[in-house]
>>> print(open('target-v3.tsv').read())   # TSV, C-alpha atoms
chain	number	residue	atom	x	y	z
A	1049	MET	CA	65.67	158.30	24.21
A	1050	LYS	CA	65.27	161.33	26.44
A	1051	ILE	CA	66.32	161.64	30.07
A	1052	LEU	CA	62.66	162.26	30.85
A	1053	SER	CA	62.01	158.61	29.99
A	1054	MET	CA	63.85	157.73	33.21
A	1055	PHE	CA	60.53	158.30	34.97
A	1056	ALA	CA	59.28	155.10	33.34
A	1057	PRO	CA	58.47	152.43	35.98
A	1058	LYS	CA	61.33	150.11	35.03
A	1059	SER	CA	63.89	152.90	35.22
A	1060	GLY	CA	63.19	153.70	38.85
A	1061	LYS	CA	65.26	150.75	40.01
A	1062	PHE	CA	68.35	152.11	38.31
A	1063	PHE	CA	67.95	155.56	39.81
A	1064	ASP	CA	67.36	154.17	43.28
A	1065	SER	CA	70.55	152.14	42.96
A	1066	PHE	CA	72.64	155.01	41.61
A	1067	SER	CA	71.34	157.27	44.38
A	1068	ARG	CA	72.42	154.72	46.98
A	1069	ALA	CA	75.80	154.39	45.27
A	1070	THR	CA	76.52	158.13	45.34
A	1071	ASN	CA	75.30	158.45	48.93
A	1072	ASN	CA	77.55	155.56	49.89
A	1073	LEU	CA	80.48	157.22	48.13
A	1074	LEU	CA	79.83	160.45	50.03
A	1075	ALA	CA	79.85	158.51	53.28
A	1076	MET	CA	83.17	156.89	52.35
A	1077	THR	CA	84.87	160.22	51.59
A	1078	GLN	CA	83.59	161.65	54.88
A	1079	LYS	CA	84.86	158.65	56.80
A	1080	PHE	CA	88.20	158.91	55.04
A	1081	LYS	CA	88.54	162.51	56.17
A	1082	GLU	CA	87.76	161.35	59.72
A	1083	LEU	CA	90.45	158.69	59.38
A	1084	LEU	CA	93.05	161.31	58.56
A	1085	ASP	CA	91.88	163.58	61.39
A	1086	THR	CA	92.24	161.04	64.18
A	1087	THR	CA	95.50	160.32	65.98
A	1088	ASP	CA	94.08	157.52	68.13
A	1089	GLU	CA	95.29	154.19	66.76
A	1090	GLN	CA	92.27	152.17	67.87
A	1091	GLN	CA	89.84	154.71	66.48
A	1092	ARG	CA	91.77	154.75	63.23
A	1093	GLU	CA	91.47	150.99	62.88
A	1094	SER	CA	87.76	151.21	63.63
A	1095	ILE	CA	87.29	153.80	60.87
A	1096	VAL	CA	89.31	151.67	58.43
A	1097	ARG	CA	86.85	148.81	59.10
A	1098	GLU	CA	83.91	151.16	58.56
A	1099	ILE	CA	85.35	152.25	55.22
A	1100	HIS	CA	85.85	148.62	54.25
A	1101	ASP	CA	82.22	147.86	55.15
A	1102	LEU	CA	81.02	150.80	53.06
A	1103	GLU	CA	83.12	149.59	50.14
A	1104	HIS	CA	81.40	146.20	50.50
A	1105	VAL	CA	78.02	147.97	50.40
A	1106	GLY	CA	79.16	149.68	47.21
A	1107	ASP	CA	80.05	146.30	45.70
A	1108	GLU	CA	76.56	145.01	46.49
A	1109	ILE	CA	74.96	148.08	44.88
A	1110	THR	CA	77.09	147.63	41.76
A	1111	HIS	CA	76.13	143.97	41.57
A	1112	ARG	CA	72.46	144.95	41.90
A	1113	ILE	CA	72.79	147.43	39.02
A	1114	PHE	CA	74.38	144.75	36.82
A	1115	THR	CA	71.61	142.31	37.75
A	1116	GLU	CA	68.95	144.89	36.90
A	1117	LEU	CA	70.74	145.54	33.63
A	1118	SER	CA	70.61	141.87	32.69
A	1119	GLU	CA	66.96	141.49	33.70
A	1120	ASN	CA	65.52	144.63	32.05
A	1121	PHE	CA	65.16	145.00	28.31
A	1122	ILE	CA	64.12	148.64	28.64
A	1123	THR	CA	66.70	150.88	30.32
A	1124	PRO	CA	66.65	154.64	31.05
A	1125	PHE	CA	69.73	155.25	28.91
A	1126	ASP	CA	72.32	153.25	26.96
A	1127	ARG	CA	73.22	150.00	28.64
A	1128	GLU	CA	76.95	150.67	28.17
A	1129	ASP	CA	76.56	154.04	29.90
A	1130	ILE	CA	74.79	152.41	32.84
A	1131	HIS	CA	77.62	149.88	33.05
A	1132	TYR	CA	80.28	152.60	32.71
A	1133	LEU	CA	78.72	154.81	35.38
A	1134	ALA	CA	78.28	151.91	37.82
A	1135	THR	CA	81.84	150.65	37.24
A	1136	SER	CA	83.33	154.12	37.62
A	1137	LEU	CA	81.54	154.74	40.92
A	1138	ASP	CA	82.72	151.34	42.15
A	1139	ASP	CA	86.31	152.14	41.12
A	1140	VAL	CA	86.31	155.34	43.20
A	1141	ALA	CA	85.10	153.38	46.22
A	1142	ASP	CA	87.75	150.69	45.65
A	1143	PHE	CA	90.60	153.21	45.64
A	1144	ILE	CA	89.32	155.00	48.75
A	1145	ASN	CA	89.23	151.65	50.51
A	1146	GLY	CA	92.66	150.80	49.12
A	1147	THR	CA	94.13	154.00	50.50
A	1148	ALA	CA	92.61	153.46	53.94
A	1149	SER	CA	93.84	149.86	54.00
A	1150	ARG	CA	97.41	150.92	53.16
A	1151	ILE	CA	97.41	153.57	55.87
A	1152	SER	CA	96.53	150.79	58.31
A	1153	LEU	CA	98.80	148.12	56.81
A	1154	TYR	CA	101.84	150.39	56.62
A	1155	GLN	CA	101.10	151.77	60.11
A	1156	LEU	CA	101.49	155.31	58.89
A	1157	LYS	CA	101.95	157.52	61.93
A	1158	GLU	CA	102.23	160.95	60.37
A	1159	ILE	CA	99.43	162.31	58.20
A	1160	ASP	CA	100.71	165.40	56.44
A	1161	GLN	CA	98.72	168.29	55.02
A	1162	VAL	CA	98.98	166.96	51.48
A	1163	MET	CA	96.85	163.93	52.31
A	1164	HIS	CA	94.30	166.18	53.99
A	1165	SER	CA	94.23	168.36	50.87
A	1166	LEU	CA	93.71	165.40	48.54
A	1167	ALA	CA	91.02	164.00	50.84
A	1168	SER	CA	89.23	167.35	50.75
A	1169	VAL	CA	89.34	167.41	46.95
A	1170	LEU	CA	88.02	163.85	46.82
A	1171	HIS	CA	85.12	164.70	49.14
A	1172	ARG	CA	84.21	167.73	47.05
A	1173	GLN	CA	84.26	165.55	43.94
A	1174	ALA	CA	81.90	163.11	45.64
A	1175	VAL	CA	79.53	165.98	46.44
A	1176	GLU	CA	79.52	166.99	42.77
A	1177	ILE	CA	79.06	163.39	41.65
A	1178	ASP	CA	76.00	163.09	43.86
A	1179	LEU	CA	74.58	166.34	42.49
A	1180	GLY	CA	75.32	165.30	38.93
A	1181	VAL	CA	73.58	161.95	39.25
A	1182	GLN	CA	70.57	163.31	41.15
A	1183	ASN	CA	69.99	166.06	38.59
A	1184	LEU	CA	69.82	163.58	35.72
A	1185	ARG	CA	66.31	162.76	36.89
A	1186	ASN	CA	64.83	165.71	35.02
A	1187	MET	CA	65.85	167.20	31.67
A	1188	LYS	CA	65.27	170.66	33.14
A	1189	ASN	CA	68.14	170.00	35.53
A	1190	ALA	CA	70.60	168.75	32.88
A	1191	GLN	CA	72.54	172.02	33.09
A	1192	ARG	CA	73.23	171.37	36.76
A	1193	THR	CA	74.73	168.01	35.81
A	1194	ARG	CA	76.91	169.74	33.19
A	1195	GLU	CA	78.10	172.19	35.84
A	1196	ALA	CA	78.90	169.30	38.20
A	1197	ILE	CA	80.91	167.61	35.44
A	1198	VAL	CA	83.01	170.75	34.96
A	1199	ARG	CA	83.65	171.04	38.70
A	1200	ILE	CA	84.63	167.36	38.99
A	1201	ASN	CA	87.18	167.82	36.20
A	1202	ASP	CA	88.51	171.07	37.70
A	1203	LEU	CA	88.95	169.33	41.05
A	1204	GLU	CA	90.80	166.46	39.38
A	1205	ASN	CA	93.23	168.98	37.91
A	1206	GLU	CA	93.65	170.48	41.37
A	1207	ALA	CA	94.42	167.03	42.75
A	1208	ASP	CA	97.04	166.46	40.03
A	1209	SER	CA	98.82	169.68	41.01
A	1210	ILE	CA	98.75	168.81	44.71
A	1211	PHE	CA	100.08	165.32	43.99
A	1212	ASP	CA	102.91	166.47	41.73
A	1213	LEU	CA	104.14	169.00	44.29
A	1214	ALA	CA	103.83	166.44	47.08
A	1215	ILE	CA	105.93	163.85	45.25
A	1216	ALA	CA	108.59	166.42	44.43
A	1217	ARG	CA	108.75	167.48	48.08
A	1218	LEU	CA	108.77	163.87	49.25
A	1219	PHE	CA	111.86	163.06	47.14
A	1220	ALA	CA	113.55	166.25	48.28
A	1221	GLU	CA	112.87	165.96	52.01
A	1222	GLU	CA	112.28	162.31	53.01
A	1223	THR	CA	115.57	160.66	54.00
A	1224	ASN	CA	114.13	157.28	55.03
A	1225	PRO	CA	113.67	155.19	51.83
A	1226	ILE	CA	111.10	152.87	53.44
A	1227	GLU	CA	108.95	155.80	54.55
A	1228	MET	CA	109.33	157.34	51.11
A	1229	ILE	CA	108.00	154.18	49.44
A	1230	LYS	CA	105.08	153.96	51.88
A	1231	LYS	CA	104.05	157.58	51.50
A	1232	LYS	CA	104.44	157.59	47.72
A	1233	GLU	CA	102.22	154.53	47.30
A	1234	ILE	CA	99.53	155.89	49.63
A	1235	LEU	CA	99.53	159.23	47.85
A	1236	SER	CA	99.43	157.50	44.45
A	1237	VAL	CA	96.40	155.37	45.35
A	1238	LEU	CA	94.62	158.39	46.83
A	1239	GLU	CA	95.35	160.47	43.73
A	1240	THR	CA	94.05	157.64	41.55
A	1241	ALA	CA	90.74	157.84	43.43
A	1242	THR	CA	90.44	161.46	42.26
A	1243	ASP	CA	91.28	160.33	38.70
A	1244	LYS	CA	88.48	157.78	38.84
A	1245	CYS	CA	86.05	160.58	39.69
A	1246	GLU	CA	86.88	161.99	36.26
A	1247	ASP	CA	85.72	158.68	34.77
A	1248	VAL	CA	82.38	159.22	36.54
A	1249	ALA	CA	82.22	162.69	34.97
A	1250	ASN	CA	82.92	161.16	31.55
A	1251	ALA	CA	80.08	158.67	32.05
A	1252	LEU	CA	77.71	161.49	32.98
A	1253	GLU	CA	78.86	163.48	29.94
A	1254	SER	CA	78.17	160.52	27.66
A	1255	ILE	CA	74.64	160.22	29.06
A	1256	LEU	CA	73.95	163.91	28.53
A	1257	VAL	CA	75.27	163.89	24.95
A	1258	LYS	CA	73.16	160.89	23.96
A	1259	ASN	CA	70.00	162.12	25.67
A	1260	SER	CA	70.01	165.83	24.86
>>> encode(input="target-v3.tsv", output="structure tokens")
Amino acid sequence: MKILSMFAPKSGKFFDSFSRATNNLLAMTQKFKELLDTTDEQQRESIVREIHDLEHVGDEITHRIFTELSENFITPFDREDIHYLATSLDDVADFINGTASRISLYQLKEIDQVMHSLASVLHRQAVEIDLGVQNLRNMKNAQRTREAIVRINDLENEADSIFDLAIARLFAEETNPIEMIKKKEILSVLETATDKCEDVANALESILVKNS
């Protein structure tokens, strides 16, 4: 089955849903960056709620994709790949929301440069995810999806390096054990969000391999 077959009438629903999912993910990463930029406590809590609402939207989109999958015999590509891509996108959203919730729950006052750096990497991954998914619509654009996959993976490696250095510095410099635990968990959940982007890249790669 070729990617071009995605233009079939029944496949449009899946692409509409995946487009909404990637746009929603982009919005979440942008809001997360705004969360880290603000020092106003009330505004921060407002942004945390907005991120939570966007994560709920993502859940509804994922549920819609699964419903469409169960109701349609003909699908644009392998059913397991549709499921894998939808689940991976949902996982990224879950970990972004989880990071924002912990920042609020733990009442983190100081946002250091490391978190800003990881948030920037995550946003750039979301941009590439959106490009990768959108360019699956046409076989002629498959190379652009391949390029997006490479960039997503490169960014995940960048996030790993940032995280490793941050944890090493945290253990070396943080003298308050409670603050250390808080910061390490927040950084770990945020770094996991970047890892989950690599799962999205793997799902895209699987689609390309099977449909090339």
>>> atom_distance(input="target-v3.tsv", atom1="CA of Lys1258 in chain A", atom2="CA of Gln1173 in chain A")
23.3 Å
>>> closest_atom_pairs(input="target-v3.tsv", of="range 1148-1226 of chain A", to="range 1121-1136 of chain A", cutoff="12 Å", atoms="all atoms listed in the file", output="Markdown table")
| residue | atom | partner | partner_atom | distance |
| --- | --- | --- | --- | --- |
| A:Ile1177 | CA | A:Leu1133 | CA | 10.6 |
| A:Gly1180 | CA | A:Leu1133 | CA | 11.6 |
| A:Val1181 | CA | A:Leu1133 | CA | 9.6 |
| A:Leu1184 | CA | A:Pro1124 | CA | 10.6 |
| A:Arg1185 | CA | A:Pro1124 | CA | 10.0 |
| A:Asn1186 | CA | A:Pro1124 | CA | 11.9 |
>>> closest_atom_pairs(input="target-v3.tsv", of="range 1162-1207 of chain A", to="range 1242-1256 of chain A", cutoff="8 Å", atoms="all atoms listed in the file", output="Markdown table")
| residue | atom | partner | partner_atom | distance |
| --- | --- | --- | --- | --- |
| A:Val1169 | CA | A:Thr1242 | CA | 7.7 |
| A:Leu1170 | CA | A:Thr1242 | CA | 5.7 |
| A:Gln1173 | CA | A:Cys1245 | CA | 6.8 |
| A:Ala1174 | CA | A:Cys1245 | CA | 7.7 |
| A:Ile1177 | CA | A:Val1248 | CA | 7.4 |
| A:Gly1180 | CA | A:Leu1252 | CA | 7.5 |
| A:Val1181 | CA | A:Leu1252 | CA | 7.5 |
| A:Ala1190 | CA | A:Leu1256 | CA | 7.3 |
| A:Thr1193 | CA | A:Leu1252 | CA | 7.7 |
| A:Arg1194 | CA | A:Glu1253 | CA | 7.3 |
| A:Ile1197 | CA | A:Ala1249 | CA | 5.1 |
| A:Ile1200 | CA | A:Glu1246 | CA | 6.4 |
| A:Asn1201 | CA | A:Glu1246 | CA | 5.8 |
| A:Glu1204 | CA | A:Thr1242 | CA | 5.8 |
| A:Ala1207 | CA | A:Thr1242 | CA | 6.9 |
>>> atom_distance(input="target-v3.tsv", atom1="CA of Asp1088 in chain A", atom2="CA of Arg1217 in chain A")
26.8 Å
>>> residues_near_point(input="target-v3.tsv", point="(79.4, 157.3, 55.4)", cutoff="12 Å", atoms="all atoms listed in the file", output="PDB file with C-alpha atoms, in the coordinates of the input")
ATOM      1  CA  ARG A1068      72.420 154.720  46.980  1.00  0.00           C
ATOM      2  CA  ALA A1069      75.800 154.390  45.270  1.00  0.00           C
ATOM      3  CA  THR A1070      76.520 158.130  45.340  1.00  0.00           C
ATOM      4  CA  ASN A1071      75.300 158.450  48.930  1.00  0.00           C
ATOM      5  CA  ASN A1072      77.550 155.560  49.890  1.00  0.00           C
ATOM      6  CA  LEU A1073      80.480 157.220  48.130  1.00  0.00           C
ATOM      7  CA  LEU A1074      79.830 160.450  50.030  1.00  0.00           C
ATOM      8  CA  ALA A1075      79.850 158.510  53.280  1.00  0.00           C
ATOM      9  CA  MET A1076      83.170 156.890  52.350  1.00  0.00           C
ATOM     10  CA  THR A1077      84.870 160.220  51.590  1.00  0.00           C
ATOM     11  CA  GLN A1078      83.590 161.650  54.880  1.00  0.00           C
ATOM     12  CA  LYS A1079      84.860 158.650  56.800  1.00  0.00           C
ATOM     13  CA  PHE A1080      88.200 158.910  55.040  1.00  0.00           C
ATOM     14  CA  LYS A1081      88.540 162.510  56.170  1.00  0.00           C
ATOM     15  CA  GLU A1082      87.760 161.350  59.720  1.00  0.00           C
ATOM     16  CA  LEU A1083      90.450 158.690  59.380  1.00  0.00           C
ATOM     17  CA  ILE A1095      87.290 153.800  60.870  1.00  0.00           C
ATOM     18  CA  VAL A1096      89.310 151.670  58.430  1.00  0.00           C
ATOM     19  CA  ARG A1097      86.850 148.810  59.100  1.00  0.00           C
ATOM     20  CA  GLU A1098      83.910 151.160  58.560  1.00  0.00           C
ATOM     21  CA  ILE A1099      85.350 152.250  55.220  1.00  0.00           C
ATOM     22  CA  HIS A1100      85.850 148.620  54.250  1.00  0.00           C
ATOM     23  CA  ASP A1101      82.220 147.860  55.150  1.00  0.00           C
ATOM     24  CA  LEU A1102      81.020 150.800  53.060  1.00  0.00           C
ATOM     25  CA  GLU A1103      83.120 149.590  50.140  1.00  0.00           C
ATOM     26  CA  VAL A1105      78.020 147.970  50.400  1.00  0.00           C
ATOM     27  CA  GLY A1106      79.160 149.680  47.210  1.00  0.00           C
ATOM     28  CA  ALA A1141      85.100 153.380  46.220  1.00  0.00           C
ATOM     29  CA  HIS A1171      85.120 164.700  49.140  1.00  0.00           C
ATOM     30  CA  ALA A1174      81.900 163.110  45.640  1.00  0.00           C
TER      31      ALA A1174
END
>>> closest_residue(input="target-v3.tsv", among="A:His1111, A:Arg1172, A:Lys1231, A:His1164", to="Asp1202 in chain A", atoms="only C-alpha atoms")
A:Arg1172
>>> atom_distance(input="target-v3.tsv", atom1="CA of Ser1165 in chain A", atom2="CA of Glu1239 in chain A")
10.7 Å
>>> closest_residue(input="target-v3.tsv", among="A:Ala1241, A:Ile1210, A:Ile1226, A:Leu1117", to="Tyr1154 in chain A", atoms="only C-alpha atoms")
A:Ile1226
>>> closest_residue(input="target-v3.tsv", among="A:Leu1084, A:Leu1137, A:Val1162, A:Ile1234", to="Thr1110 in chain A", atoms="all atoms listed in the file")
A:Leu1137
>>> axis_aligned_box(input="target-v3.tsv", around="range 1118-1128 of chain A", padding_each_side="5 Å", output="lines of an AutoDock Vina configuration file")
center_x = 70.5
center_y = 148.4
center_z = 30.3
size_x = 22.8
size_y = 23.8
size_z = 16.7
>>> closest_residue(input="target-v3.tsv", among="A:Met1228, A:Ile1144, A:Met1163, A:Ala1196", to="Asp1178 in chain A", atoms="only C-alpha atoms")
A:Ala1196
